[in-house]
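Chemist: There's a structure below that I have some questions on.
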Amino acid sequence: MPAGLRELQARFYRLVTAPVDVARALDAQGLRPADVEAMIAGDEHLSAVARLDVYAQMYFFRILDVLRDAYPRLLEAIGDDAFHDLATDYLVACPPAHFSLSRAGDRLPGFLASHPPGTPRPQLAALARLERAYVELFDGPDVEALTVDDLRALAPEQVADQSLLLVPCHAQLEDVLVWRSDVTVMHRALAGREQEWLRLVAAGDCTIGRLCEAAAQGREVTEAAHEVFAAVCRWAADGLLARPLS
Amino acid sequence: MRDFPHIGHGLGLRPPHYREVIERRPAVDWFEVISENFMVAGGNPRRVLRAVRERYPVVLHGVSLSIGSVDEVDEAYLDSLAALAAEIEPAWVSDHLCWSSLGGHTGHDLWPLPFTEEALIHVADRVRRVQDRLGRRILIENVSSYVQFTESAMTEWQFLAALTERADCGLLLDVNNVYVSARNHGFFADTFLEGIPVGRVGQVHLAGHSDQGTHLLDTHDHPVCDPVWDLYRRAIARFGGVATLIERDDHIPPLGELVAESRRAAAVEGEVIGARRVA
C-alpha cells in the first residue's frame, strides 16, 4: 500500500471537500497554513492555501451546478441562497459516491425530508422526489412497449390472460405517476382507483383478468372489466406497459 | 502508434449538437464522448451514441477512472466501461493521470498526483490492471494543475514518460493542459514536450482556458488561443501527425464554429508535416 500517497490524498480530500474555504477548513481541522505549505509549493502569485482553494471551489461549484440543473423547481421554490446552503449541508452529509456526476443529487430528496428547509415544508421533499425521478428515469433501461394496437389485436378469449408489466422506467410517488415513454420522461396525477391498480400491476404476476377480479369487489365483473380495460388502454397509449417476453 | 491510429481531427460530442450530428453528418473525422455519460442502461444517451457510432469512429474518454487513487479500483465501474466498449467498439479508451475518489466518495474532479516513485509504481500497476480488464491498451492524459506537491521527485513529463514505459500505455497529450500547467507552475511548455517519448503519443487534445489573473483555469469555455495553437504546431513537429480533438464543455458555440476549429487543426498539421517533408 502506498502509505505516503494515502496520507497525502486523505489530507487533500479533507481540505478540498470541507464546507468552507481552505483557510477556514484549516482552522476547523486544527491545522495551520504551514501544514499545507509542507505539502504544496506556493509562490508570489498564489500561496499554497490559495492554490488548494482552487480545487475546493471547483469541487463545490461543479456539484452545485449539477444540483441546480437536476432540481430546477426546488431551486425556484426556495431561492438561490437557501439552495446554496442546502447544497452545502447536503454535500457534508451525503458526499457523492457514484462515478457519474449526474448521480450526485441522488440522496437530496431523502436529506431534504429531515433537514431545513424541508422539515417545515414537506412538500419540498415531495417536489425533490419528483425531480429526482425525472433524472433517474431519463437513462434507465429500454424495453419494447405494449401498444394499444397490441391490445386491440387480442382475440376475446386472450384478453383475460394478457400479462400486464410496467416499463422499468416508472415511479409511483403517492398520487403522482412518473414514467419514460420512448425517450421522454413525463408525469401525471393518478385518478380514481388507478393508483391501487398500478400497485397491483407493479407487484408482478398480474393479468387483465386478475385486475378485473380485484377491481370488481362485489360489483358486476363486466362493469369493472370495462373500467379496467379503459385504464389498460390508457396505460398502453401512455407507453407505460412493457411487452411481455414470449 | 499501432493501437492508436491517426483517425483525423475530431470533436467532443456534446448534447446541444446531438441532433445536428446525426441528421446533418458534419465534416468531422470522429467524435469523442465522455464515457460516464453513456455508462447508463438506456434512454436517449445510448440511442444517440449508437446513431453517432453508425456514422463516425468514436473514442471513449473517461473522467472517473481515478487511476491514481489509493482506493481499490472500482470493479463495477470497469465492468460498465468494458460493456460500453464491447458494444460501441471505440477506436480507443482514455482517461486522466489523476485521482478523484477516496474512501468510496468521489470529488468529480481531476486531482493531481505527486510525482514520486511510490505514485509511479501505484499508477503503473493500476493502468496495467485496467488494460488487462479491457483487453486493450489505453491512453492516459496529462491534466491541468494548480498545485505542485513538495514531495515530487521528478517532473510531470518524466513521470508520464516513465508511466508509459512501465505500464505500456499511450499518452493523450493535452496541449492546452501543458500550456496551463506551464503558466501556473513556471516551467517551459516546450521542455514538457521534449520530455515526452515520440512513440507514445496516441492523441492530442486542444481546448480553451480562462485567465484568472493569478492563474489559468482549464475551463474549456473559449476557443483555442494563439499560444496553444503555436504549441500544437511544435507538438506536431515533434510527434508527427496525431489524431487531434477540439474540446468544448461550456459556452458551447454552434457546431460549425467547432468544425472550423477542427479543420484549423488539420490545416496546422498539414502545414507542419508538409514543411517537414520539404526540409
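Chain lettering (A, B, ...) mirrors the order of the C-alpha cells, residue numbering begins at 1 for each chain separately, and ligand numbering begins at 1 in order of display.
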Find the nearest atom pair between each residue of chain B and chain A for residues within 7 Å, count only C-alpha atoms, give distances in Å to one decimal, sort rows by chain and ascending number, and present the table as a tab-separated table.

Modeler:
```
residue	atom	partner	partner_atom	distance
B:Glu36	CA	A:Ser100	CA	5.8
B:Val40	CA	A:Asp139	CA	6.0
B:Ala41	CA	A:Pro141	CA	4.6
B:Gly42	CA	A:Pro141	CA	4.6
B:Gly43	CA	A:Asp139	CA	4.4
B:Asn44	CA	A:Val183	CA	5.4
B:Pro45	CA	A:Asp139	CA	6.8
B:Ser64	CA	A:Phe99	CA	5.8
B:Val70	CA	A:Arg6	CA	5.9
B:Gly104	CA	A:Ala97	CA	6.0
B:His105	CA	A:Ala97	CA	4.4
B:Thr106	CA	A:Ala97	CA	5.5
B:Gly107	CA	A:Tyr59	CA	6.2
B:His108	CA	A:Leu101	CA	6.4
B:Asp109	CA	A:Tyr59	CA	6.7
B:Glu118	CA	A:Pro2	CA	6.3
B:Ala119	CA	A:Leu5	CA	6.7
B:Tyr146	CA	A:Arg51	CA	5.8
B:Val147	CA	A:Arg51	CA	5.8
B:Gln148	CA	A:Ile40	CA	5.7
B:Phe149	CA	A:Ile40	CA	4.5
B:Thr150	CA	A:Ile40	CA	5.4
B:Thr214	CA	A:His45	CA	5.5
```

Chemist: Using only C-alpha atoms, determine which residues lie at most 10 Å from Ala27 of chain B, disregarding the query and same-chain residues fewer than 4 positions distant; provide the list as a list in words.

Modeler: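 The filter keeps His9, Gly10, Val21, Gly256, Val259, Ala260, Ser262 and Arg263 of chain B.
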
Chemist: With N, CA and C atoms retained, write the just-selected residues as a tab-separated table (two decimals), in the first residue's frame.

Modeler:
```
chain	number	residue	atom	x	y	z
B	9	HIS	N	-9.20	14.42	-37.37
B	9	HIS	CA	-9.42	15.55	-36.47
B	9	HIS	C	-10.87	15.54	-36.01
B	10	GLY	N	-11.07	15.40	-34.73
B	10	GLY	CA	-12.40	15.16	-34.20
B	10	GLY	C	-12.89	16.25	-33.27
B	21	VAL	N	-25.53	16.48	-35.46
B	21	VAL	CA	-24.52	15.48	-35.83
B	21	VAL	C	-25.17	14.28	-36.51
B	256	GLY	N	-20.84	24.53	-36.23
B	256	GLY	CA	-19.98	24.98	-37.32
B	256	GLY	C	-18.69	25.63	-36.82
B	259	VAL	N	-16.40	22.84	-35.82
B	259	VAL	CA	-15.90	22.14	-37.01
B	259	VAL	C	-14.76	22.97	-37.63
B	260	ALA	N	-14.94	24.30	-37.66
B	260	ALA	CA	-13.90	25.16	-38.22
B	260	ALA	C	-12.60	25.06	-37.41
B	262	SER	N	-11.68	22.45	-35.75
B	262	SER	CA	-11.14	21.13	-36.04
B	262	SER	C	-10.39	21.14	-37.39
B	263	ARG	N	-10.99	21.84	-38.36
B	263	ARG	CA	-10.32	21.94	-39.69
B	263	ARG	C	-9.02	22.75	-39.57
```

Chemist: Give me, as a compact mmCIF listing (two decimals) with C-alpha atoms, in the first residue's frame, all polymer residues having an atom no more than 8 Å from segment 201-207 of chain A, counting only C-alpha atoms and skipping those fewer than 4 positions away in the same chain.

Modeler:
```txt
# COMPACT_ATOMS: atom_id res chain seq x y z
CA ALA A 160 -58.16 -12.04 -19.57
CA ASP A 161 -54.82 -13.85 -19.77
CA GLN A 162 -52.88 -10.89 -21.16
CA SER A 163 -49.96 -10.22 -18.80
CA LEU A 164 -49.52 -6.70 -17.54
CA LEU A 165 -45.99 -5.44 -16.97
CA LEU A 166 -44.96 -1.88 -16.29
CA TRP A 197 -54.48 -0.89 -9.75
CA LEU A 211 -57.01 -6.93 -12.31
```

Chemist: For Cys212 of chain A, which of A:Glu174, A:Glu227, A:Asp69, A:Glu157 is the closest residue, counting only C-alpha atoms?

Modeler: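 Checking each of A:Glu174, A:Glu227, A:Asp69, A:Glu157 against Cys212 of chain A, counting only C-alpha atoms, the winner is A:Glu227.
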
Chemist: Could you name the residues that touch Arg152 of chain A at 12 Å or less, counting only C-alpha atoms, but leaving out those on the same chain fewer than 3 positions away, as a VMD selection string?

Modeler: chain A and resid 146 to 149 155 to 156 158 to 159 162 229 to 230 232 to 233 236 to 237

Chemist: Pull C-alpha atoms from the residues just selected and write them as a PDB file, in the first residue's frame.

Modeler:
```pdb
ATOM      1  CA  LEU A 146     -47.036  -2.890 -25.384  1.00  0.00           C
ATOM      2  CA  THR A 147     -49.198  -0.770 -27.695  1.00  0.00           C
ATOM      3  CA  VAL A 148     -52.907  -0.103 -27.956  1.00  0.00           C
ATOM      4  CA  ASP A 149     -52.803  -1.947 -31.281  1.00  0.00           C
ATOM      5  CA  ALA A 155     -58.785 -12.368 -29.519  1.00  0.00           C
ATOM      6  CA  PRO A 156     -61.639 -12.127 -26.953  1.00  0.00           C
ATOM      7  CA  GLN A 158     -56.974 -13.976 -24.888  1.00  0.00           C
ATOM      8  CA  VAL A 159     -57.855 -10.730 -23.121  1.00  0.00           C
ATOM      9  CA  GLN A 162     -52.883 -10.891 -21.156  1.00  0.00           C
ATOM     10  CA  PHE A 229     -59.786  -2.211 -19.961  1.00  0.00           C
ATOM     11  CA  ALA A 230     -60.129   1.554 -20.422  1.00  0.00           C
ATOM     12  CA  VAL A 232     -55.127  -0.546 -19.512  1.00  0.00           C
ATOM     13  CA  CYS A 233     -55.625   1.081 -22.915  1.00  0.00           C
ATOM     14  CA  ALA A 236     -50.610   1.413 -23.276  1.00  0.00           C
ATOM     15  CA  ALA A 237     -51.219   4.736 -25.031  1.00  0.00           C
TER      16      ALA A 237
END
```

Chemist: Could you pull out all residues of segment 15-261 of chain B with a DSSP call of alpha helix (DSSP H) and give them as a PyMOL selection string?

Modeler: chain B and resi 18-24+35-38+43-55+75-88+117-134+156-167+175-185+189-194+226-239+255-261

Chemist: Rounded to one decimal in Å, what is the spacing between atom CA of Leu163 of chain B and atom CA of Ser69 of chain B?

Modeler: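 If I compute the distance from atom CA of Leu163 of chain B to atom CA of Ser69 of chain B, I get 15.4 Å.
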
Chemist: Hey, what's within 12 Å of Arg126 of chain B if we count only C-alpha atoms and toss same-chain stuff fewer than 6 positions away? As number ranges by chain, please?

Modeler: B: 65-75, 78, 97, 99, 119-120, 132-133, 138, 140, 163, 166-169

Chemist: Within chain A, find each residue whose DSSP state, derived from the backbone, is strand (DSSP E), and express the selection as a list of chain:residue names.

Modeler: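 Here is the list: A:Ser163, A:Leu164, A:His170, A:Ala171, A:Gln172, A:Leu173, A:Val176, A:Leu177, A:Val178, A:Trp179, A:Arg180, A:Ser181, A:Thr184, A:Val185, A:Met186, A:His187, A:Arg188, A:Ala189, A:Cys206, A:Thr207.
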
Chemist: Take the residues that were just selected and, keeping N, CA and C atoms, output them as a short mmCIF file (atom, residue, chain, number, x, y, z; two decimals), in the first residue's frame.

Modeler:
```cif
data_model
loop_
_atom_site.label_atom_id
_atom_site.label_comp_id
_atom_site.auth_asym_id
_atom_site.auth_seq_id
_atom_site.Cartn_x
_atom_site.Cartn_y
_atom_site.Cartn_z
N SER A 163 -50.80 -10.68 -19.91
CA SER A 163 -49.96 -10.22 -18.80
C SER A 163 -49.81 -8.71 -18.84
N LEU A 164 -49.74 -8.14 -17.65
CA LEU A 164 -49.52 -6.70 -17.54
C LEU A 164 -48.18 -6.45 -16.83
N HIS A 170 -40.40 3.66 -14.47
CA HIS A 170 -41.58 4.31 -13.90
C HIS A 170 -41.39 4.46 -12.40
N ALA A 171 -42.09 5.39 -11.82
CA ALA A 171 -42.08 5.56 -10.36
C ALA A 171 -43.44 6.06 -9.95
N GLN A 172 -43.97 5.45 -8.88
CA GLN A 172 -45.26 5.90 -8.37
C GLN A 172 -44.98 6.65 -7.07
N LEU A 173 -45.15 7.95 -7.09
CA LEU A 173 -44.87 8.78 -5.93
C LEU A 173 -46.20 9.21 -5.33
N VAL A 176 -48.83 10.52 -7.71
CA VAL A 176 -48.25 11.01 -8.97
C VAL A 176 -47.48 9.86 -9.63
N LEU A 177 -47.71 9.70 -10.92
CA LEU A 177 -47.01 8.68 -11.68
C LEU A 177 -45.98 9.35 -12.58
N VAL A 178 -44.74 8.86 -12.55
CA VAL A 178 -43.67 9.37 -13.41
C VAL A 178 -43.18 8.20 -14.24
N TRP A 179 -43.01 8.41 -15.52
CA TRP A 179 -42.52 7.32 -16.36
C TRP A 179 -41.84 7.87 -17.60
N ARG A 180 -41.10 6.98 -18.25
CA ARG A 180 -40.47 7.38 -19.51
C ARG A 180 -41.13 6.61 -20.65
N SER A 181 -41.61 7.34 -21.62
CA SER A 181 -42.17 6.74 -22.82
C SER A 181 -41.17 7.01 -23.93
N THR A 184 -38.79 10.12 -23.57
CA THR A 184 -39.32 11.30 -22.89
C THR A 184 -39.90 10.94 -21.52
N VAL A 185 -39.40 11.61 -20.47
CA VAL A 185 -39.93 11.39 -19.12
C VAL A 185 -41.11 12.35 -18.92
N MET A 186 -42.18 11.83 -18.31
CA MET A 186 -43.37 12.66 -18.08
C MET A 186 -44.02 12.23 -16.77
N HIS A 187 -44.98 13.01 -16.31
CA HIS A 187 -45.70 12.63 -15.10
C HIS A 187 -47.14 13.12 -15.19
N ARG A 188 -48.00 12.49 -14.39
CA ARG A 188 -49.38 12.95 -14.27
C ARG A 188 -49.93 12.48 -12.93
N ALA A 189 -51.01 13.15 -12.53
CA ALA A 189 -51.67 12.75 -11.28
C ALA A 189 -52.46 11.46 -11.55
N CYS A 206 -49.39 -10.21 -12.84
CA CYS A 206 -50.74 -9.65 -12.98
C CYS A 206 -51.21 -9.80 -14.43
N THR A 207 -52.48 -10.12 -14.57
CA THR A 207 -53.10 -10.18 -15.91
C THR A 207 -54.31 -9.25 -15.91
#
```

Chemist: If you count only C-alpha atoms, which residues fall within 9 Å of Arg25 of chain B, apart from same-chain ones fewer than 5 positions away, as a PDB file with C-alpha atoms, in the first residue's frame?

Modeler:
```pdb
ATOM      1  CA  GLU B  20     -27.262  18.114 -35.949  1.00  0.00           C
ATOM      2  CA  VAL B  52     -23.341   8.531 -33.960  1.00  0.00           C
ATOM      3  CA  ARG B  55     -21.814   7.305 -38.816  1.00  0.00           C
ATOM      4  CA  TYR B  56     -18.386   8.022 -37.253  1.00  0.00           C
TER       5      TYR B  56
END
```

Chemist: At what distance in Å, to one decimal, does atom CA of Val143 of chain B lie from atom CA of Glu89 of chain B?

Modeler: 25.6 Å

Chemist: Using Å and a single decimal, report how far atom CA of Leu49 of chain B sits from atom CA of His96 of chain B.

Modeler: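 Straight-line distance from atom CA of His96 of chain B to atom CA of Leu49 of chain B works out to 21.9 Å.
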
Chemist: Would you please work out which residue, of B:Ser100, B:Ser94, B:Thr164, B:Asn184, is nearest to Leu216 of chain B when using only C-alpha atoms?

Modeler: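 Ranking B:Ser100, B:Ser94, B:Thr164, B:Asn184 by distance to Leu216 of chain B, first place goes to B:Asn184.
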
Chemist: Can you tell me which residues surround Met39 of chain B at a distance of at most 8 Å, considering only C-alpha atoms, apart from same-chain residues fewer than 2 positions away, and format the answer as an MDAnalysis selection string?

Modeler: chainID B and resid 35:37 41 80:81 84

Chemist: When distances are computed from only C-alpha atoms, which of B:Ser145, B:Thr244, B:Gln158, B:Thr116 shows the smallest separation from His205 of chain B?

Modeler: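 Looking only at the distances to His205 of chain B, the closest residue turns out to be B:Thr244.
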